[in-house]
Amino acid sequence: MAGEDLNEEERSEEDKKKFLFLMRKAPYGSIYPQGGLEVILIMAAYDQTISVLFADDGVFCLKKGQETAGIHVKDFSSAFKVLESYGVEHLYVDKTSLEERGMKPEDLLTGVEVVSSDEMSGFLSGQDVILPF
Amino acid sequence: MAGEDLNEEERSEEDKKKFLFLMRKAPYGSIYPQGGLEVILIMAAYDQTISVLFADDGVFCLKKGQETAGIHVKDFSSAFKVLESYGVEHLYVDKTSLEERGMKPEDLLTGVEVVSSDEMSGFLSGQDVILPF
Amino acid sequence: MLFTVNKSPLTSDNLKTCLRFAKKGNSVLLYEDGVYGAIPGTKVESVVKEALKSIEVFALKEDLKARGFGEVIDGVKLVDYAGFVGLVEEHNVCPWL
Amino acid sequence: MLFTVNKSPLTSDNLKTCLRFAKKGNSVLLYEDGVYGAIPGTKVESVVKEALKSIEVFALKEDLKARGFGEVIDGVKLVDYAGFVGLVEEHNVCPWL
Amino acid sequence: MKFGILILEGPYQHQAGDSAYNFAEAAVAKGHAISGLFFYCDGVQNATTYMTPPQDDRHISKRWAEFIAKHGVDAVVCIAASKKRGITDANLIKGARIAGLGQLTELGIESDRLIAFGD
Amino acid sequence: MKFGILILEGPYQHQAGDSAYNFAEAAVAKGHAISGLFFYCDGVQNATTYMTPPQDDRHISKRWAEFIAKHGVDAVVCIAASKKRGITDANLIKGARIAGLGQLTELGIESDRLIAFGD
């Protein structure tokens, strides 16, 4: 691809694109959230603007205390804690989704901004690329 | 498997098992209904008791007038019409599922018995094997 | 913004949660099993009718035909694949899988 | 009869439609994403509580723990995989995928 | 008891194959026999020797091969589904065999219980 | 316009791969460029040459290979997902290449639109 030879320093602020990861699926039932997480961790090395929105069953990805030994799959939840140190700009959680699941911000394994879907509507429209996981 | 050398004539009535195919998924979105249909057509060659229950989005499998040329996948719906000639004992459709989808028995491509979930509850319990597709 | 919805709203909450995020002037495209949301007389018809007051709802003709349907709820617009491409030309896409 | 439910009832209708077919004395096992139906305080808690009046509801402990939950709705019984096998010994199975 | 197990989803993408494996292990631990495994639809992908997952993740096909060998289980991989998905004798795990859907009927007949895992 | 396409599900099991293909065909028919295809998760299975579907069914990987050749499209198959699922250079369709997830970021940057098909 033509972009391959551009390194991050060469990209000006105007070249930055806004990427939003839309996490709407529960962990472990399918590979999606883990797949999304792996893309985020790689994309963080590029100089782009990355946000993550957890909505619907995606909010379960952030539940504290996941212990996967009993089902013999990798626990990837701890990686969500380091996203901010990877330069991810915003971690949003949809308020309604959280409430419908009987969860509070203190149930989540990292600090997030709890937002309403109304606030998010405009934000979504401002994104260049939305990746669903 | 030990059963391989038994042919259908050798099985007495008591040896027959009751198989129910539980079709709950819409056609084309996933392979499930087609996968179930293919099992039914093979199983019909064995001398077992086969019933099929269409419930939830599975009732869409029986919708008349499916034309799949535009999405370039095989239309397998006509095979549902021949199930009775294959010796499938009963084709049931869940009444509530049909109604929730605004459909009537005349929308379906084959004659079926429209049943209530109450009637089906006991019937399900009487099955030896239930295969979900 | 174009939301693309591919799950049957008769068994999945996808369409409903998508509509919570879709604001006035946004569009929703129903495709794959999502097209069941476009047919009249289902238990989710009222949800789609309500949505039509503020947003545009499209249904992919090829997927509807494949599933044996043609008629759609008043106000839902039919598009073919070329129309789907046209919608993506006009809008950024939010795939609501 | 043991119904096995593996979809999240927060986004899928599976549990609800399963309960329409589950009659008095039947059992339902929640596993995989189905276990979210067993946790207290969700919008589907009332559905499960109502079901508990006539049927037994089980939740697979390993799947609950994996997802970071331990506490369940009063009356829901926790089973581990050995318990899952035990339920299948006792009942014919209706996988409600 | 004799338990038959039907697997309808592929490895890593959905939990179904993991649940099937965990169930099968628990069943033999309780003294039951696995009368057979039947891999159908994407489930056939569980039986490919070609996968090389990361060291710290489970190796799904190797795990099944070991289970099959250890407990002498008949494991059938659907031929039609395999053809569509590129599973052949060249990449089939040891102990499994490619055969037709009739084997699923046989498994239903031979088993005290047949339980399906899918999505 | 330049459209990037992300495919997250495997062939035959879900409609996602078919929808992606039909969309891509319609886009080029309207004069657009496909800036790239990215196959991820089970999506990598679309790119195996090993599949041999029935004559009367679509041949999903051949169809992609022809599309890639005809329109000179860059098609990337995720290396991590491929390893887990047994896709290697030995069974990769012509015109596709196995590479890392960084390519998906590049595709997002290069494309006017990036649209995902999955389940």
# chains A, B, ... in the order shown; residues from 1 in each chain; ligands from 1
>>> residues_around(residues="Leu64 in chain C", least_positions_apart="2", cutoff="9 Å", atoms="only C-alpha atoms", output="list of chain:residue names")
B:Gln66, B:Glu67, C:Tyr31, C:Glu32, C:Asp33, C:Val35, C:Tyr36, C:Ala38, C:Ile39, C:Ala59, C:Leu60, C:Lys61, C:Glu62, C:Ala66, C:Arg67, C:Gly68, C:Phe69, C:Gly70, C:Glu71
>>> write_last_selection(atoms="C-alpha atoms", output="short mmCIF file (atom, residue, chain, number, x, y, z; two decimals), in the first residue's frame")
data_model
loop_
_atom_site.label_atom_id
_atom_site.label_comp_id
_atom_site.auth_asym_id
_atom_site.auth_seq_id
_atom_site.Cartn_x
_atom_site.Cartn_y
_atom_site.Cartn_z
CA GLN B 66 -37.42 -16.90 -2.12
CA GLU B 67 -35.22 -15.75 -5.02
CA TYR C 31 -29.27 -5.89 4.95
CA GLU C 32 -28.77 -9.65 5.36
CA ASP C 33 -31.17 -10.80 8.12
CA VAL C 35 -34.12 -6.80 6.17
CA TYR C 36 -36.76 -8.57 8.24
CA ALA C 38 -38.43 -3.72 6.80
CA ILE C 39 -41.41 -6.01 6.27
CA ALA C 59 -33.51 -2.06 2.94
CA LEU C 60 -31.32 -4.05 0.56
CA LYS C 61 -33.54 -5.37 -2.22
CA GLU C 62 -31.37 -8.39 -3.03
CA ALA C 66 -33.69 -13.80 -1.36
CA ARG C 67 -35.87 -14.14 1.72
CA GLY C 68 -39.10 -14.08 -0.23
CA PHE C 69 -40.23 -10.55 0.57
CA GLY C 70 -40.93 -7.55 -1.63
CA GLU C 71 -43.32 -5.24 0.13
#
>>> select_by_dssp(residues="range 48-96 of chain E", states="helix (DSSP H, G or I)", output="number ranges by chain")
E: 60-71, 79-85, 89-91
>>> residues_around(residues="Ala80 in chain F", least_positions_apart="6", cutoff="12 Å", atoms="only C-alpha atoms", output="list in words")
Gly35, Glu38 and Val39 of chain A; Tyr12, Met51, Thr52, Pro53 and Pro54 of chain E; Phe39, Tyr40, Cys41, Asp42, Gly43, Val44, Gly86, Ile87, Thr88, Ile98, Ala99, Gly100, Leu101 and Gly102 of chain F
>>> write_last_selection(atoms="C-alpha atoms", output="PDB file, in the first residue's frame")
ATOM      1  CA  GLY A  35      -9.852  -9.177  17.812  1.00  0.00           C
ATOM      2  CA  GLU A  38      -5.425  -6.580  19.072  1.00  0.00           C
ATOM      3  CA  VAL A  39      -6.112  -4.068  16.317  1.00  0.00           C
TER       4      VAL A  39
ATOM      5  CA  TYR E  12     -11.259 -19.514  18.192  1.00  0.00           C
ATOM      6  CA  MET E  51      -3.337 -24.365  12.916  1.00  0.00           C
ATOM      7  CA  THR E  52      -0.380 -22.960  14.846  1.00  0.00           C
ATOM      8  CA  PRO E  53      -1.805 -20.787  17.626  1.00  0.00           C
ATOM      9  CA  PRO E  54       0.434 -18.720  19.915  1.00  0.00           C
TER      10      PRO E  54
ATOM     11  CA  PHE F  39      -9.349 -10.571   5.975  1.00  0.00           C
ATOM     12  CA  TYR F  40      -9.360 -10.884   9.756  1.00  0.00           C
ATOM     13  CA  CYS F  41     -10.554 -13.404  12.383  1.00  0.00           C
ATOM     14  CA  ASP F  42     -12.448 -16.223  10.619  1.00  0.00           C
ATOM     15  CA  GLY F  43     -12.413 -13.987   7.561  1.00  0.00           C
ATOM     16  CA  VAL F  44      -8.994 -15.403   6.670  1.00  0.00           C
ATOM     17  CA  GLY F  86      -4.117 -22.878   9.248  1.00  0.00           C
ATOM     18  CA  ILE F  87      -3.781 -20.389   6.411  1.00  0.00           C
ATOM     19  CA  THR F  88      -0.233 -20.200   5.029  1.00  0.00           C
ATOM     20  CA  ILE F  98      -0.227 -12.536   4.618  1.00  0.00           C
ATOM     21  CA  ALA F  99       0.693  -9.560   6.758  1.00  0.00           C
ATOM     22  CA  GLY F 100       0.183  -7.934  10.130  1.00  0.00           C
ATOM     23  CA  LEU F 101      -2.612  -5.849  11.581  1.00  0.00           C
ATOM     24  CA  GLY F 102      -0.703  -2.665  10.819  1.00  0.00           C
TER      25      GLY F 102
END
>>> calpha_fit_and_write(fixed="chain E", moving="chain F", output="compact mmCIF listing (two decimals) with C-alpha atoms, in the first residue's frame")
# COMPACT_ATOMS: atom_id res chain seq x y z
CA MET F 1 -23.90 -43.25 29.73
CA LYS F 2 -22.89 -42.77 26.12
CA PHE F 3 -22.71 -39.13 25.07
CA GLY F 4 -22.54 -38.03 21.46
CA ILE F 5 -21.31 -34.52 20.78
CA LEU F 6 -22.07 -32.36 17.73
CA ILE F 7 -19.84 -29.33 17.08
CA LEU F 8 -21.18 -26.68 14.70
CA GLU F 9 -18.72 -23.79 15.00
CA GLY F 10 -15.06 -23.37 14.18
CA PRO F 11 -12.17 -22.87 16.59
CA TYR F 12 -11.26 -19.52 18.19
CA GLN F 13 -14.13 -17.55 16.59
CA HIS F 14 -16.88 -18.84 18.91
CA GLN F 15 -16.84 -20.49 22.31
CA ALA F 16 -18.87 -23.48 21.08
CA GLY F 17 -15.86 -25.70 20.36
CA ASP F 18 -14.32 -24.89 23.74
CA SER F 19 -17.57 -25.66 25.53
CA ALA F 20 -17.86 -28.96 23.68
CA TYR F 21 -14.33 -29.90 24.69
CA ASN F 22 -14.82 -28.91 28.33
CA PHE F 23 -18.07 -30.85 28.42
CA ALA F 24 -16.45 -33.93 26.88
CA GLU F 25 -13.58 -33.81 29.40
CA ALA F 26 -16.02 -33.50 32.29
CA ALA F 27 -18.11 -36.38 30.96
CA VAL F 28 -15.20 -38.82 30.80
CA ALA F 29 -13.99 -37.59 34.19
CA LYS F 30 -17.37 -38.71 35.54
CA GLY F 31 -16.93 -42.14 33.98
CA HIS F 32 -19.10 -41.66 30.91
CA ALA F 33 -18.20 -42.80 27.42
CA ILE F 34 -18.09 -40.43 24.47
CA SER F 35 -19.86 -42.45 21.78
CA GLY F 36 -18.64 -40.06 19.15
CA LEU F 37 -17.76 -36.54 18.10
CA PHE F 38 -19.32 -35.16 14.95
CA PHE F 39 -17.83 -32.00 13.42
CA TYR F 40 -20.22 -30.24 11.06
CA CYS F 41 -20.47 -26.86 9.29
CA ASP F 42 -17.59 -24.63 10.47
CA GLY F 43 -17.04 -27.22 13.18
CA VAL F 44 -14.85 -29.17 10.76
CA GLN F 45 -12.17 -26.49 11.17
CA ASN F 46 -11.50 -27.79 14.68
CA ALA F 47 -9.93 -30.85 13.09
CA THR F 48 -7.22 -29.23 10.98
CA THR F 49 -3.59 -29.95 11.81
CA TYR F 50 -2.59 -26.74 10.05
CA MET F 51 -3.34 -24.38 12.92
CA THR F 52 -0.37 -22.96 14.85
CA PRO F 53 -1.81 -20.81 17.63
CA PRO F 54 0.42 -18.72 19.92
CA GLN F 55 2.31 -20.69 22.60
CA ASP F 56 0.28 -19.13 25.40
CA ASP F 57 -3.06 -20.04 23.86
CA ARG F 58 -4.82 -23.40 23.69
CA HIS F 59 -4.12 -25.56 20.63
CA ILE F 60 -7.63 -26.61 19.78
CA SER F 61 -7.01 -29.33 17.20
CA LYS F 62 -4.12 -30.87 19.12
CA ARG F 63 -6.29 -30.95 22.22
CA TRP F 64 -9.00 -32.85 20.32
CA ALA F 65 -6.44 -35.25 18.82
CA GLU F 66 -5.10 -36.03 22.28
CA PHE F 67 -8.59 -36.48 23.66
CA ILE F 68 -9.52 -38.84 20.82
CA ALA F 69 -6.36 -40.93 21.28
CA LYS F 70 -6.56 -41.06 25.05
CA HIS F 71 -10.17 -42.14 25.22
CA GLY F 72 -10.47 -44.06 21.95
CA VAL F 73 -13.24 -41.85 20.68
CA ASP F 74 -14.74 -42.08 17.19
CA ALA F 75 -14.44 -38.60 15.66
CA VAL F 76 -16.18 -37.90 12.38
CA VAL F 77 -15.69 -34.82 10.25
CA CYS F 78 -18.48 -34.14 7.75
CA ILE F 79 -17.25 -34.63 4.20
CA ALA F 80 -19.48 -32.03 2.54
CA ALA F 81 -18.61 -29.34 5.08
CA SER F 82 -14.93 -30.29 4.82
CA LYS F 83 -14.87 -29.89 1.06
CA LYS F 84 -16.30 -26.40 1.31
CA ARG F 85 -13.71 -25.48 3.90
CA GLY F 86 -10.56 -27.21 2.76
CA ILE F 87 -10.29 -30.06 5.24
CA THR F 88 -8.87 -33.24 3.68
CA ASP F 89 -7.00 -36.32 4.86
CA ALA F 90 -3.83 -34.25 4.35
CA ASN F 91 -4.67 -31.87 7.18
CA LEU F 92 -6.94 -33.99 9.34
CA ILE F 93 -5.98 -34.62 12.96
CA LYS F 94 -4.98 -38.15 13.86
CA GLY F 95 -7.85 -40.33 15.00
CA ALA F 96 -10.50 -38.45 13.08
CA ARG F 97 -12.11 -39.64 9.85
CA ILE F 98 -13.97 -37.84 7.10
CA ALA F 99 -17.38 -39.32 6.44
CA GLY F 100 -20.94 -38.50 5.47
CA LEU F 101 -23.88 -37.13 7.41
CA GLY F 102 -25.27 -40.63 7.86
CA GLN F 103 -22.76 -40.98 10.66
CA LEU F 104 -24.54 -38.25 12.58
CA THR F 105 -27.74 -40.27 12.43
CA GLU F 106 -25.83 -43.33 13.60
CA LEU F 107 -24.38 -41.30 16.43
CA GLY F 108 -27.85 -40.19 17.45
CA ILE F 109 -29.02 -43.80 17.44
CA GLU F 110 -26.04 -45.15 19.37
CA SER F 111 -25.86 -42.44 22.02
CA ASP F 112 -27.92 -42.14 25.17
CA ARG F 113 -27.64 -38.39 24.70
CA LEU F 114 -26.60 -36.31 21.71
CA ILE F 115 -25.77 -32.75 22.60
CA ALA F 116 -25.02 -29.96 20.16
CA PHE F 117 -22.69 -27.00 20.62
CA GLY F 118 -22.95 -24.13 18.16
CA ASP F 119 -23.88 -20.49 17.88
>>> select_by_dssp(residues="range 1-61 of chain E", states="strand (DSSP E)", output="short mmCIF file (atom, residue, chain, number, x, y, z; two decimals) with N, CA, C and O atoms, in the first residue's frame")
data_model
loop_
_atom_site.label_atom_id
_atom_site.label_comp_id
_atom_site.auth_asym_id
_atom_site.auth_seq_id
_atom_site.Cartn_x
_atom_site.Cartn_y
_atom_site.Cartn_z
N LYS E 2 -23.63 -43.08 27.34
CA LYS E 2 -22.89 -42.78 26.12
C LYS E 2 -23.34 -41.42 25.57
O LYS E 2 -24.50 -41.25 25.20
N PHE E 3 -22.41 -40.49 25.56
CA PHE E 3 -22.71 -39.14 25.08
C PHE E 3 -22.15 -38.92 23.67
O PHE E 3 -20.96 -39.12 23.44
N GLY E 4 -23.01 -38.49 22.76
CA GLY E 4 -22.55 -38.04 21.45
C GLY E 4 -22.48 -36.52 21.47
O GLY E 4 -23.30 -35.87 22.12
N ILE E 5 -21.49 -35.97 20.78
CA ILE E 5 -21.32 -34.52 20.78
C ILE E 5 -21.20 -33.98 19.36
O ILE E 5 -20.41 -34.48 18.55
N LEU E 6 -22.04 -33.01 19.06
CA LEU E 6 -22.07 -32.37 17.73
C LEU E 6 -21.50 -30.96 17.86
O LEU E 6 -21.94 -30.18 18.72
N ILE E 7 -20.53 -30.64 17.01
CA ILE E 7 -19.85 -29.33 17.08
C ILE E 7 -20.09 -28.58 15.77
O ILE E 7 -19.72 -29.03 14.70
N ALA E 33 -18.89 -42.55 28.70
CA ALA E 33 -18.21 -42.79 27.42
C ALA E 33 -18.66 -41.73 26.43
O ALA E 33 -19.81 -41.29 26.44
N ILE E 34 -17.72 -41.31 25.58
CA ILE E 34 -18.10 -40.43 24.47
C ILE E 34 -18.31 -41.36 23.26
O ILE E 34 -17.35 -41.92 22.72
N SER E 35 -19.55 -41.50 22.87
CA SER E 35 -19.87 -42.43 21.78
C SER E 35 -19.41 -41.89 20.43
O SER E 35 -19.27 -42.63 19.47
N GLY E 36 -19.17 -40.61 20.38
CA GLY E 36 -18.64 -40.05 19.15
C GLY E 36 -18.68 -38.53 19.15
O GLY E 36 -19.48 -37.91 19.85
N LEU E 37 -17.76 -37.97 18.35
CA LEU E 37 -17.77 -36.54 18.09
C LEU E 37 -18.15 -36.38 16.64
O LEU E 37 -17.67 -37.14 15.78
N PHE E 38 -19.02 -35.43 16.34
CA PHE E 38 -19.32 -35.16 14.94
C PHE E 38 -19.09 -33.67 14.69
O PHE E 38 -19.71 -32.81 15.30
N PHE E 39 -18.17 -33.40 13.77
CA PHE E 39 -17.83 -32.01 13.42
C PHE E 39 -18.56 -31.65 12.13
O PHE E 39 -18.39 -32.31 11.10
#
>>> interface_residues(of="chain A", to="chain C", cutoff="9 Å", atoms="only C-alpha atoms", output="PDB file with C-alpha atoms, in the first residue's frame")
ATOM      1  CA  LEU A  22     -17.158   0.140  18.570  1.00  0.00           C
ATOM      2  CA  ARG A  24     -20.618  -4.144  21.330  1.00  0.00           C
ATOM      3  CA  ALA A  55     -21.933  -0.303  24.263  1.00  0.00           C
ATOM      4  CA  ASP A  56     -24.476  -3.106  24.602  1.00  0.00           C
ATOM      5  CA  SER A 117     -26.165   7.816  23.456  1.00  0.00           C
ATOM      6  CA  ASP A 118     -27.260  11.367  22.623  1.00  0.00           C
ATOM      7  CA  GLU A 119     -23.760  12.653  23.294  1.00  0.00           C
ATOM      8  CA  MET A 120     -22.312   9.802  21.281  1.00  0.00           C
ATOM      9  CA  SER A 121     -24.519  10.384  18.218  1.00  0.00           C
ATOM     10  CA  GLY A 122     -22.654  13.472  17.172  1.00  0.00           C
ATOM     11  CA  LEU A 124     -19.963   8.935  15.886  1.00  0.00           C
ATOM     12  CA  SER A 125     -20.703  11.184  12.921  1.00  0.00           C
ATOM     13  CA  GLY A 126     -17.349  12.897  13.361  1.00  0.00           C
ATOM     14  CA  GLN A 127     -15.327   9.692  13.010  1.00  0.00           C
ATOM     15  CA  ASP A 128     -13.442   8.788   9.847  1.00  0.00           C
ATOM     16  CA  VAL A 129     -13.425   5.042  10.401  1.00  0.00           C
ATOM     17  CA  ILE A 130     -15.609   2.957  12.714  1.00  0.00           C
ATOM     18  CA  LEU A 131     -14.476  -0.598  13.361  1.00  0.00           C
ATOM     19  CA  PRO A 132     -17.049  -2.913  14.948  1.00  0.00           C
ATOM     20  CA  PHE A 133     -15.863  -5.643  17.331  1.00  0.00           C
TER      21      PHE A 133
END
>>> atom_distance(atom1="CA of Gly37 in chain C", atom2="CA of Glu90 in chain C")
22.9 Å
>>> interface_residues(of="chain D", to="chain E", cutoff="6 Å", atoms="only C-alpha atoms", output="list in words")
Tyr81, Ala82, Val85 and Leu97 of chain D
>>> interface_residues(of="chain A", to="chain E", cutoff="12 Å", atoms="only C-alpha atoms", output="VMD selection string")
chain A and resid 25 to 35 68 to 76
>>> atom_distance(atom1="CA of Leu98 in chain A", atom2="CA of Ile73 in chain D")
18.0 Å
>>> atom_distance(atom1="CA of Leu29 in chain C", atom2="CA of Ser12 in chain C")
15.9 Å
>>> residues_around(residues="Val114 in chain B", least_positions_apart="6", cutoff="10 Å", atoms="only C-alpha atoms", output="PyMOL selection string")
chain B and resi 53-54+91-96+98+104-105
>>> residues_around(residues="Leu52 in chain D", least_positions_apart="3", cutoff="10 Å", atoms="only C-alpha atoms", output="PyMOL selection string")
chain D and resi 24+27-28+46-49+55-57+73-76
>>> closest_residue(among="D:Leu15, D:Glu50, D:Thr4, D:Phe58", to="chain C", atoms="only C-alpha atoms")
D:Leu15
